[in-house]
>>> print(open('query.cif').read())   # mmCIF, C-alpha atoms
data_final
#
loop_
_atom_site.label_atom_id
_atom_site.label_comp_id
_atom_site.auth_asym_id
_atom_site.auth_seq_id
_atom_site.Cartn_x
_atom_site.Cartn_y
_atom_site.Cartn_z
CA MET A 160 -89.99 97.89 -207.47
CA THR A 161 -90.47 97.37 -203.77
CA ASP A 162 -93.55 95.27 -203.24
CA LEU A 163 -95.56 96.32 -200.20
CA ARG A 164 -97.18 92.91 -199.95
CA ARG A 165 -93.77 91.26 -199.72
CA LEU A 166 -92.56 93.77 -197.18
CA LEU A 167 -95.62 93.21 -195.02
CA ALA A 168 -95.33 89.44 -195.42
CA ASP A 169 -91.73 89.58 -194.26
CA GLU A 170 -92.48 91.80 -191.30
CA ARG A 171 -92.24 89.99 -187.95
CA PRO A 172 -92.73 91.28 -184.43
CA PRO A 173 -89.41 91.55 -182.58
CA THR A 174 -90.68 89.18 -179.90
CA THR A 175 -93.51 86.70 -179.81
CA ILE A 176 -95.24 84.66 -177.14
CA SER A 177 -95.18 80.88 -177.41
CA PRO A 178 -98.53 79.25 -178.23
CA GLN A 179 -98.63 77.47 -174.87
CA ARG A 180 -98.09 80.71 -172.99
CA LEU A 181 -100.63 82.45 -175.20
CA VAL A 182 -103.28 79.87 -174.33
CA THR A 183 -102.57 80.28 -170.61
CA LEU A 184 -102.73 84.07 -170.81
CA ALA A 185 -105.92 84.05 -172.88
CA LEU A 186 -107.68 81.65 -170.51
CA ASP A 187 -106.54 83.67 -167.49
CA ARG A 188 -107.87 86.83 -169.09
CA HIS A 189 -111.17 85.10 -169.83
CA ASP A 190 -111.51 84.05 -166.18
CA GLU A 191 -110.56 87.53 -164.94
CA ARG A 192 -113.20 89.09 -167.14
CA ARG A 193 -115.88 86.75 -165.88
CA THR A 194 -115.00 87.53 -162.28
CA ALA A 195 -114.85 91.27 -162.99
CA SER A 196 -118.21 91.14 -164.73
CA ARG A 197 -119.83 89.53 -161.69
CA ARG A 198 -118.27 92.16 -159.43
CA ARG A 199 -119.51 94.94 -161.71
CA VAL A 200 -123.10 93.71 -161.47
CA GLY A 201 -122.90 93.72 -157.67
CA ARG A 202 -121.33 97.17 -157.63
CA SER A 203 -123.93 98.52 -160.05
CA ILE A 204 -126.80 97.41 -157.86
CA ALA A 205 -125.18 98.97 -154.79
CA ALA A 206 -124.38 102.19 -156.68
CA VAL A 207 -127.92 102.54 -158.01
CA ALA A 208 -129.36 101.98 -154.57
CA ALA A 209 -126.98 104.57 -153.08
CA ALA A 210 -127.74 107.10 -155.82
CA ALA A 211 -131.46 106.58 -155.36
CA ALA A 212 -131.05 107.12 -151.62
CA VAL A 213 -129.23 110.42 -152.17
CA LEU A 214 -131.81 111.57 -154.70
CA ALA A 215 -134.67 110.72 -152.39
CA ILE A 216 -133.12 112.82 -149.65
CA LEU A 217 -132.15 115.77 -151.83
CA THR A 218 -135.19 115.98 -154.09
CA PRO A 219 -138.08 117.94 -152.61
CA GLY A 220 -141.46 116.55 -153.54
CA HIS A 221 -140.13 113.09 -154.33
CA ASP A 222 -142.95 111.11 -155.87
CA VAL A 223 -142.93 108.51 -153.12
CA PRO A 224 -142.48 110.68 -150.03
CA SER A 225 -142.23 109.24 -146.58
CA TYR A 226 -144.39 111.16 -144.19
CA VAL A 227 -146.59 110.55 -141.21
CA VAL A 228 -150.20 109.94 -142.20
CA GLY A 229 -151.56 108.34 -139.09
CA ARG A 230 -151.05 105.96 -136.24
CA VAL A 231 -152.25 102.42 -135.92
CA THR A 232 -153.91 101.24 -132.76
CA THR A 233 -150.59 100.38 -131.21
CA GLY A 234 -149.54 104.01 -131.48
CA MET A 235 -146.90 103.34 -134.11
CA VAL A 236 -145.95 105.98 -136.62
CA THR A 237 -147.14 104.92 -140.06
CA CYS A 238 -146.45 106.10 -143.57
CA GLY A 239 -149.57 105.21 -145.48
CA ARG A 240 -151.88 102.34 -146.20
CA VAL A 241 -150.41 99.23 -147.74
CA PRO A 242 -150.53 99.79 -151.51
CA HIS A 243 -152.37 97.41 -153.76
CA SER A 244 -151.62 96.13 -157.23
CA SER A 245 -152.91 98.28 -160.05
CA GLY A 246 -152.36 99.02 -163.71
CA PRO A 247 -152.77 97.17 -166.99
CA LYS A 248 -150.44 94.27 -166.23
CA ALA A 249 -151.39 93.81 -162.58
CA ALA A 250 -154.34 91.48 -163.11
CA ALA A 251 -152.25 88.88 -164.87
CA LEU A 252 -149.32 88.88 -162.45
CA THR A 253 -148.79 87.60 -158.95
CA ALA A 254 -145.75 88.47 -156.90
CA THR A 255 -144.16 86.43 -154.13
CA LEU A 256 -141.64 87.90 -151.73
CA THR A 257 -138.91 85.77 -150.21
CA ALA A 258 -137.16 87.17 -147.14
CA PRO A 259 -135.87 86.05 -143.74
CA ASP A 260 -138.63 85.24 -141.24
CA ARG A 261 -136.71 86.61 -138.25
CA ALA A 262 -134.36 89.56 -137.79
CA PRO A 263 -133.40 92.10 -135.13
CA ALA A 264 -134.80 95.64 -135.25
CA GLY A 265 -132.60 98.00 -137.21
CA ALA A 266 -131.10 95.21 -139.31
CA THR A 267 -130.94 95.43 -143.08
CA ILE A 268 -132.67 92.52 -144.75
CA GLN A 269 -132.50 91.35 -148.34
CA ALA A 270 -135.55 90.15 -150.20
CA ALA A 271 -136.33 88.83 -153.66
CA VAL A 272 -139.59 89.19 -155.50
CA THR A 273 -140.62 86.48 -157.93
CA LEU A 274 -143.26 87.13 -160.55
CA ALA A 275 -145.57 84.51 -162.00
CA THR A 276 -148.50 84.55 -164.38
CA THR A 277 -151.22 82.23 -165.59
CA SER A 278 -151.42 84.14 -168.85
CA GLU A 279 -150.45 82.21 -171.94
CA GLN A 280 -148.96 85.35 -173.44
CA PRO A 281 -145.53 86.29 -172.07
CA ILE A 282 -145.57 89.48 -170.04
CA THR A 283 -142.53 91.70 -169.83
CA VAL A 284 -142.06 93.81 -166.73
CA SER A 285 -139.52 96.62 -166.53
CA THR A 286 -138.89 97.99 -163.10
CA GLY A 287 -136.31 99.15 -160.61
CA LEU A 288 -135.37 97.32 -157.45
CA ALA A 289 -138.29 95.98 -155.49
CA GLU A 290 -139.24 98.33 -152.68
CA VAL A 291 -139.64 96.29 -149.53
CA MET A 292 -142.13 97.65 -146.97
CA VAL A 293 -142.77 96.62 -143.38
CA VAL A 294 -146.52 96.45 -142.80
CA LYS A 295 -148.89 95.90 -139.88
CA ASP A 296 -152.67 96.04 -139.64
CA GLY A 297 -153.04 97.33 -143.20
CA TYR A 298 -150.56 100.18 -142.69
CA VAL A 299 -146.99 100.65 -143.76
CA VAL A 300 -144.93 101.04 -140.61
CA GLY A 301 -141.47 101.04 -142.20
CA ARG A 302 -140.17 101.85 -145.66
CA TYR A 303 -137.18 103.30 -147.41
CA PRO A 304 -138.52 104.41 -150.80
CA GLN A 305 -135.03 105.29 -151.93
CA ASN A 306 -134.06 101.60 -151.72
CA GLY A 307 -136.34 100.56 -154.54
CA GLY A 308 -139.40 101.34 -156.55
CA ARG A 309 -138.64 103.68 -159.41
CA ALA A 310 -134.88 103.55 -159.38
CA GLY A 311 -133.72 103.51 -162.96
CA ILE A 312 -131.77 100.32 -162.75
CA GLY A 313 -133.57 98.93 -165.77
CA ALA A 314 -134.19 95.54 -164.21
CA GLY A 315 -136.82 93.50 -165.93
CA ALA A 316 -138.21 90.07 -166.53
CA THR A 317 -140.39 88.30 -169.02
CA VAL A 318 -142.77 85.81 -167.45
CA SER A 319 -145.15 83.36 -169.04
CA ALA A 320 -147.22 80.42 -167.84
CA GLY A 321 -144.92 77.99 -166.07
CA LEU A 322 -142.01 80.40 -166.27
CA THR A 323 -141.37 82.74 -163.36
CA GLY A 324 -139.08 85.73 -163.33
CA THR A 325 -137.12 86.99 -160.36
CA ILE A 326 -136.87 90.75 -160.23
CA ALA A 327 -133.78 92.37 -158.77
CA ALA A 328 -133.66 91.88 -155.06
CA GLY A 329 -134.74 94.67 -152.79
CA PHE A 330 -133.66 95.49 -149.29
CA THR A 331 -134.82 97.53 -146.36
CA GLN A 332 -133.88 98.34 -142.82
CA LEU A 333 -136.21 97.24 -140.09
CA ASP A 334 -136.90 100.75 -138.82
CA GLY A 335 -140.10 102.67 -138.33
CA CYS A 336 -141.40 105.45 -140.57
CA PRO A 337 -139.66 108.82 -140.27
CA ARG A 338 -141.08 111.42 -137.93
CA GLY A 339 -141.90 114.07 -140.53
CA ILE A 340 -141.04 114.49 -144.17
CA ALA A 341 -137.81 112.75 -145.03
CA ASP A 342 -135.78 115.64 -146.34
CA LEU A 343 -132.72 117.57 -145.27
CA THR A 344 -134.42 118.99 -142.21
CA HIS A 345 -135.72 115.59 -141.19
CA PRO A 346 -133.08 113.13 -142.18
CA THR A 347 -133.92 109.49 -142.16
CA GLY A 348 -131.98 109.15 -138.94
CA SER A 349 -135.06 110.42 -137.08
CA ARG A 350 -136.82 107.08 -137.52
CA PRO A 351 -137.91 105.18 -134.43
CA ARG A 352 -136.88 101.58 -134.01
CA LEU A 353 -139.47 98.95 -134.76
CA GLU A 354 -140.82 97.40 -131.61
CA PRO A 355 -140.30 93.66 -131.28
CA GLY A 356 -143.17 91.62 -132.66
CA ARG A 357 -144.63 90.09 -135.78
CA TYR A 358 -144.89 92.15 -138.96
CA GLY A 359 -145.48 91.59 -142.63
CA LEU A 360 -143.14 92.36 -145.51
CA VAL A 361 -144.40 93.26 -148.96
CA GLY A 362 -142.42 93.88 -152.13
CA VAL A 363 -143.61 96.62 -154.46
CA LEU A 364 -142.56 96.78 -158.10
CA THR A 365 -143.38 99.71 -160.34
CA ASP A 366 -143.38 99.33 -164.11
CA PRO A 367 -143.66 102.89 -165.47
CA GLY A 368 -145.06 101.66 -168.80
CA ARG A 369 -144.65 103.67 -171.95
CA ASP A 370 -146.97 106.59 -171.25
CA GLY A 371 -145.92 107.53 -167.75
CA SER A 372 -148.44 107.27 -164.95
CA ALA A 373 -151.37 106.49 -167.27
CA ASP A 374 -149.74 103.23 -168.27
CA GLU A 375 -148.07 102.50 -164.93
CA THR A 376 -148.37 99.09 -163.33
CA VAL A 377 -147.81 98.57 -159.61
CA ILE A 378 -147.42 95.01 -158.41
CA VAL A 379 -147.58 94.29 -154.70
CA SER A 380 -146.67 90.91 -153.31
CA GLN A 381 -148.64 89.05 -150.68
CA PRO A 382 -147.22 89.83 -147.21
CA ALA A 383 -144.52 87.51 -145.90
CA SER A 384 -144.33 87.16 -142.13
CA ILE A 385 -141.31 88.36 -140.16
CA THR A 386 -140.61 88.39 -136.46
CA VAL A 387 -138.64 91.42 -135.33
CA SER A 388 -136.69 90.86 -132.14
CA MET B 8 -118.80 68.15 -168.74
CA ALA B 9 -115.20 67.91 -167.61
CA ARG B 10 -114.46 65.66 -170.60
CA ARG B 11 -116.02 68.17 -172.95
CA ASP B 12 -114.03 71.01 -171.39
CA SER B 13 -110.82 69.07 -171.82
CA ARG B 14 -111.69 68.29 -175.47
CA ASP B 15 -112.46 71.97 -176.06
CA ARG B 16 -109.22 72.96 -174.41
CA LEU B 17 -107.28 70.55 -176.60
CA GLY B 18 -108.90 71.91 -179.74
CA PHE B 19 -108.24 75.48 -178.65
CA GLU B 20 -104.59 74.69 -177.92
CA GLU B 21 -104.19 73.14 -181.36
CA PHE B 22 -105.78 76.16 -182.95
CA VAL B 23 -103.49 78.59 -181.11
CA ALA B 24 -100.44 76.48 -181.93
CA GLY B 25 -101.30 76.63 -185.61
CA SER B 26 -102.24 80.29 -185.83
CA SER B 27 -100.35 82.16 -183.11
CA ASP B 28 -97.57 83.36 -185.44
CA ALA B 29 -99.99 84.73 -188.00
CA LEU B 30 -102.17 86.36 -185.36
CA GLN B 31 -99.25 88.00 -183.57
CA ARG B 32 -97.88 89.22 -186.88
CA ALA B 33 -101.23 90.73 -187.86
CA ALA B 34 -101.53 92.44 -184.48
CA TRP B 35 -97.96 93.73 -184.72
CA LEU B 36 -98.58 95.21 -188.17
CA LEU B 37 -101.70 96.94 -186.91
CA THR B 38 -100.34 98.34 -183.69
CA GLY B 39 -96.62 98.75 -184.31
CA ASP B 40 -96.17 98.08 -180.62
CA VAL B 41 -95.09 94.72 -179.22
CA HIS B 42 -96.96 94.99 -175.95
CA LEU B 43 -100.12 96.36 -177.49
CA ALA B 44 -100.01 93.61 -180.12
CA GLN B 45 -99.71 90.93 -177.46
CA ASP B 46 -102.51 92.53 -175.49
CA LEU B 47 -104.67 92.57 -178.61
CA VAL B 48 -104.05 88.91 -179.40
CA GLN B 49 -104.76 87.83 -175.83
CA THR B 50 -107.98 89.86 -175.75
CA VAL B 51 -109.22 88.32 -178.96
CA LEU B 52 -108.22 84.79 -177.94
CA ALA B 53 -110.02 85.21 -174.61
CA ASP B 54 -113.15 86.08 -176.59
CA ALA B 55 -112.57 83.16 -178.90
CA TRP B 56 -112.27 80.78 -175.94
CA GLN B 57 -115.61 81.98 -174.64
CA ARG B 58 -117.20 81.04 -177.99
CA TRP B 59 -115.03 78.02 -178.61
CA ALA B 60 -117.77 75.39 -178.29
CA ARG B 61 -119.32 76.82 -181.45
CA LEU B 62 -116.24 78.34 -183.06
CA GLY B 63 -114.22 75.13 -182.84
CA ALA B 64 -116.97 73.03 -184.39
CA PRO B 65 -116.14 71.33 -187.70
CA GLY B 66 -116.86 73.51 -190.71
CA ASN B 67 -116.20 76.79 -188.90
CA ASP B 68 -113.17 78.81 -189.94
CA ALA B 69 -111.92 79.82 -186.52
CA GLU B 70 -108.79 81.51 -187.84
CA ALA B 71 -110.76 83.74 -190.20
CA TYR B 72 -113.03 84.69 -187.32
CA VAL B 73 -110.16 85.46 -184.95
CA ARG B 74 -108.20 87.36 -187.57
CA ARG B 75 -111.23 89.50 -188.32
CA ALA B 76 -111.76 89.98 -184.57
CA ILE B 77 -108.20 91.32 -184.30
CA TYR B 78 -108.99 94.00 -186.86
CA THR B 79 -112.38 94.92 -185.39
CA THR B 80 -111.10 94.93 -181.80
CA TYR B 81 -108.22 97.17 -182.78
CA VAL B 82 -110.65 99.53 -184.49
CA THR B 83 -112.80 99.56 -181.36
CA TRP B 84 -109.76 100.38 -179.24
CA TRP B 85 -108.70 103.26 -181.40
CA ARG B 86 -112.28 104.59 -181.54
CA ARG B 87 -112.49 104.49 -177.76
CA ARG B 88 -109.01 105.98 -177.60
CA SER B 89 -108.40 103.66 -174.70
CA PHE B 90 -104.75 103.53 -175.64
CA SER B 91 -102.37 106.10 -176.88
CA GLU B 92 -100.02 105.55 -179.73
CA ARG B 93 -96.62 104.78 -178.36
CA PRO B 94 -93.40 104.68 -180.23
CA THR B 95 -92.05 101.16 -180.28
CA ASP B 96 -88.73 100.32 -178.79
CA LEU B 97 -87.75 98.56 -181.98
CA GLY B 98 -84.10 99.41 -181.96
CA ALA B 99 -81.52 98.41 -184.48
CA GLU B 100 -80.10 95.89 -182.04
CA GLN B 101 -83.36 93.97 -181.75
CA VAL B 102 -83.92 93.93 -185.49
CA GLY B 103 -80.41 92.94 -186.22
CA THR B 104 -80.37 90.04 -183.83
CA SER B 105 -83.81 88.73 -184.56
CA GLN B 106 -83.32 88.35 -188.32
CA PRO B 107 -79.73 88.53 -189.44
CA ASP B 108 -80.62 88.60 -193.15
CA ALA B 109 -79.15 90.67 -195.90
CA ALA B 110 -78.46 94.25 -194.90
CA SER B 111 -80.96 95.67 -197.36
CA GLN B 112 -83.76 93.50 -196.05
CA VAL B 113 -83.03 94.61 -192.49
CA ALA B 114 -83.01 98.20 -193.64
CA ASP B 115 -86.35 97.69 -195.39
CA ARG B 116 -87.86 96.24 -192.24
CA VAL B 117 -86.61 99.07 -190.09
CA THR B 118 -88.02 101.51 -192.59
CA LEU B 119 -91.33 99.64 -192.84
CA ALA B 120 -91.79 99.58 -189.07
CA ALA B 121 -91.01 103.27 -188.84
CA ALA B 122 -93.13 104.15 -191.87
CA LEU B 123 -96.14 102.22 -190.58
CA ARG B 124 -95.81 103.94 -187.22
CA ASP B 125 -96.03 107.29 -188.99
CA LEU B 126 -99.43 106.46 -190.45
CA SER B 127 -102.65 107.26 -188.63
CA PRO B 128 -104.39 104.20 -187.13
CA GLN B 129 -107.01 104.37 -189.88
CA GLN B 130 -104.44 104.55 -192.66
CA ARG B 131 -102.36 101.78 -191.13
CA THR B 132 -105.36 99.50 -190.64
CA VAL B 133 -106.55 100.04 -194.21
CA ILE B 134 -103.07 99.34 -195.57
CA VAL B 135 -102.66 96.20 -193.47
CA LEU B 136 -106.10 94.88 -194.34
CA ARG B 137 -105.60 95.53 -198.05
CA PHE B 138 -102.01 94.39 -198.50
CA SER B 139 -101.59 91.82 -195.76
CA GLY B 140 -105.15 90.69 -195.00
CA ASP B 141 -106.03 90.43 -198.71
CA CYS B 142 -109.31 92.25 -198.20
CA THR B 143 -110.99 94.13 -200.99
CA ILE B 144 -111.67 97.82 -200.45
CA GLU B 145 -115.34 96.99 -199.81
CA GLN B 146 -114.47 94.35 -197.20
CA THR B 147 -112.02 96.75 -195.59
CA ALA B 148 -114.66 99.47 -195.39
CA ARG B 149 -117.15 97.03 -193.88
CA ILE B 150 -114.73 95.84 -191.21
CA LEU B 151 -113.78 99.41 -190.31
CA ARG B 152 -117.38 100.58 -190.49
CA MET B 153 -116.58 103.40 -192.84
CA SER B 154 -117.65 104.27 -196.38
CA THR B 155 -115.77 102.80 -199.32
CA SER B 156 -114.67 106.26 -200.37
CA ALA B 157 -113.29 106.95 -196.89
CA ALA B 158 -111.37 103.66 -196.98
CA THR B 159 -110.05 104.54 -200.45
CA THR B 160 -108.93 107.94 -199.19
CA HIS B 161 -107.13 106.42 -196.18
CA GLN B 162 -105.46 103.92 -198.48
CA ALA B 163 -104.32 106.60 -200.93
CA ARG B 164 -102.96 108.83 -198.18
CA GLY B 165 -101.28 105.92 -196.46
CA LEU B 166 -99.60 104.79 -199.66
CA ALA B 167 -98.54 108.37 -200.39
CA ARG B 168 -96.86 108.62 -197.01
CA LEU B 169 -95.15 105.28 -197.48
CA ARG B 170 -93.86 106.46 -200.85
CA ALA B 171 -92.72 109.73 -199.34
CA SER B 172 -90.72 107.74 -196.80
CA GLY B 173 -88.83 106.20 -199.70
CA LEU B 174 -90.03 102.75 -198.79
CA LEU B 175 -92.00 102.15 -201.97
CA THR B 176 -90.20 102.67 -205.23
CA GLY B 177 -93.02 101.65 -207.58
CA GLU B 178 -96.75 101.97 -207.92
CA GLU B 179 -98.75 99.66 -205.73
CA VAL B 180 -101.78 98.42 -207.60
CA PRO B 181 -104.39 97.33 -205.11
CA ARG B 182 -107.25 95.18 -206.34
#
>>> encode(input="query.cif", output="structure tokens")
Amino acid sequence: MTDLRRLLADERPPTTISPQRLVTLALDRHDERRTASRRRVGRSIAAVAAAAAVLAILTPGHDVPSYVVGRVTTGMVTCGRVPHSSGPKAAALTATLTAPDRAPAGATIQAAVTLATTSEQPITVSTGLAEVMVVKDGYVVGRYPQNGGRAGIGAGATVSAGLTGTIAAGFTQLDGCPRGIADLTHPTGSRPRLEPGRYGLVGVLTDPGRDGSADETVIVSQPASITVS
Amino acid sequence: MARRDSRDRLGFEEFVAGSSDALQRAAWLLTGDVHLAQDLVQTVLADAWQRWARLGAPGNDAEAYVRRAIYTTYVTWWRRRSFSERPTDLGAEQVGTSQPDAASQVADRVTLAAALRDLSPQQRTVIVLRFSGDCTIEQTARILRMSTSAATTHQARGLARLRASGLLTGEEVPR
């Protein structure tokens, strides 16, 4: 009788790798994976931001439209009042935006929003990229809603007393608000340049909650100062 | 930190030195393809290195973990269909030169390699786990995430095909 166990026990691969070589190859593969994983995270953030930008342009009636609602005393085009924090989690959370304090008009700046709480209970926030807005005199004078806000990136953080959480960084271009509704007939290229001067930057995070808008939390950071040259 | 890394590395090297033959053999039996088997072993060892601080601790059976990882990773690969089954280039010349044993044993090995290649991945994995990995049918089903009856069916069909190939001349009696 031919014993299958014996046959399998006798079976050997035609070639094998030496243990030393195997260790080297395994460690190399481990390092490659770690590097690739870091690259993937970077690419994912960029891809989500790009997809959100395309959606914002192509979707009529986008829920955060950019449109002209008034002019501040300087005559600048604005796109709304500066939003304020609201929703069930807003009272327990404070947001701080970190960004460069000086940049030329038209430049793209990166910002990070850090959340903190005094609550003893941990608070979990689920949001997209932070939307970074340029503000002046209580008005928003520059924003790219497609760069943040509700993008479904699934970023999130759990914060508790003494433990802060940094939400995915947001970015914006230092341009003015678009002249007209930002859609296909008024592409975002119709924005005026920001005039040199001092502005504020705020980061806005939107946690959609579980029940849609009824449960939505909006967290707005205190303005950080920036000088546009 | 550097000292700990070097100690970990030493332990990992010792582990690979002691188990590389068995691991490569298990991967070869599963895949029937030299390159795929080597790829599988490297993938699993890379994972093991990532967990080595815990895996290499005294009292942990690293080889059992890695061997099981070879089976589960292979199952994941076939489920994802990220690779296609390729005929091996196991020619008579390679077999003959690698193990110049008795002619019948060489013939058996050629037949076994060919017969295993003819099985579906599921059948082959069940057969290898049962007859080489010494797993019970319940353990096999758990590793492959299938019902016990499905594992039994794959085993029965696999054995039937091996018998049909003329490789098995008697009744295999699995536990």
>>> residues_around(input="query.cif", residues="region 161-168 of chain B", least_positions_apart="5", cutoff="12 Å", atoms="only C-alpha atoms", output="VMD selection string")
(chain A and resid 162 to 163) or (chain B and resid 119 121 to 138 143 to 144 147 to 148 151 153 to 156 173 to 182)
>>> atom_distance(input="query.cif", atom1="CA of Arg74 (chain B)", atom2="CA of Arg14 (chain B)")
22.9 Å
>>> resolve_selection(input="query.cif", expression="the PyMOL selection byres ((chain A and resi 179-182) around 12)", output="number ranges by chain")
A: 175-178, 183-189; B: 16-28, 30-31, 45-56
>>> closest_residue(input="query.cif", among="B:Leu36, B:Ala157, B:Leu62, B:Cys142", to="chain A", atoms="all atoms listed in the file")
B:Leu36
>>> atom_distance(input="query.cif", atom1="CA of Glu70 (chain B)", atom2="CA of Ala29 (chain B)")
9.4 Å
>>> atom_distance(input="query.cif", atom1="CA of Leu360 (chain A)", atom2="CA of Gln332 (chain A)")
11.3 Å
>>> resolve_selection(input="query.cif", expression="the PyMOL selection byres ((chain A and resi 260-262) around 6)", output="ChimeraX atom specification")
/A:259,263,385-387
>>> closest_residue(input="query.cif", among="B:Arg58, B:Arg32, B:Arg75, B:Arg149", to="chain A", atoms="all atoms listed in the file")
B:Arg32
>>> closest_residue(input="query.cif", among="B:Gln146, B:Ser139, B:Asn67, B:Thr38", to="chain A", atoms="only C-alpha atoms")
B:Ser139
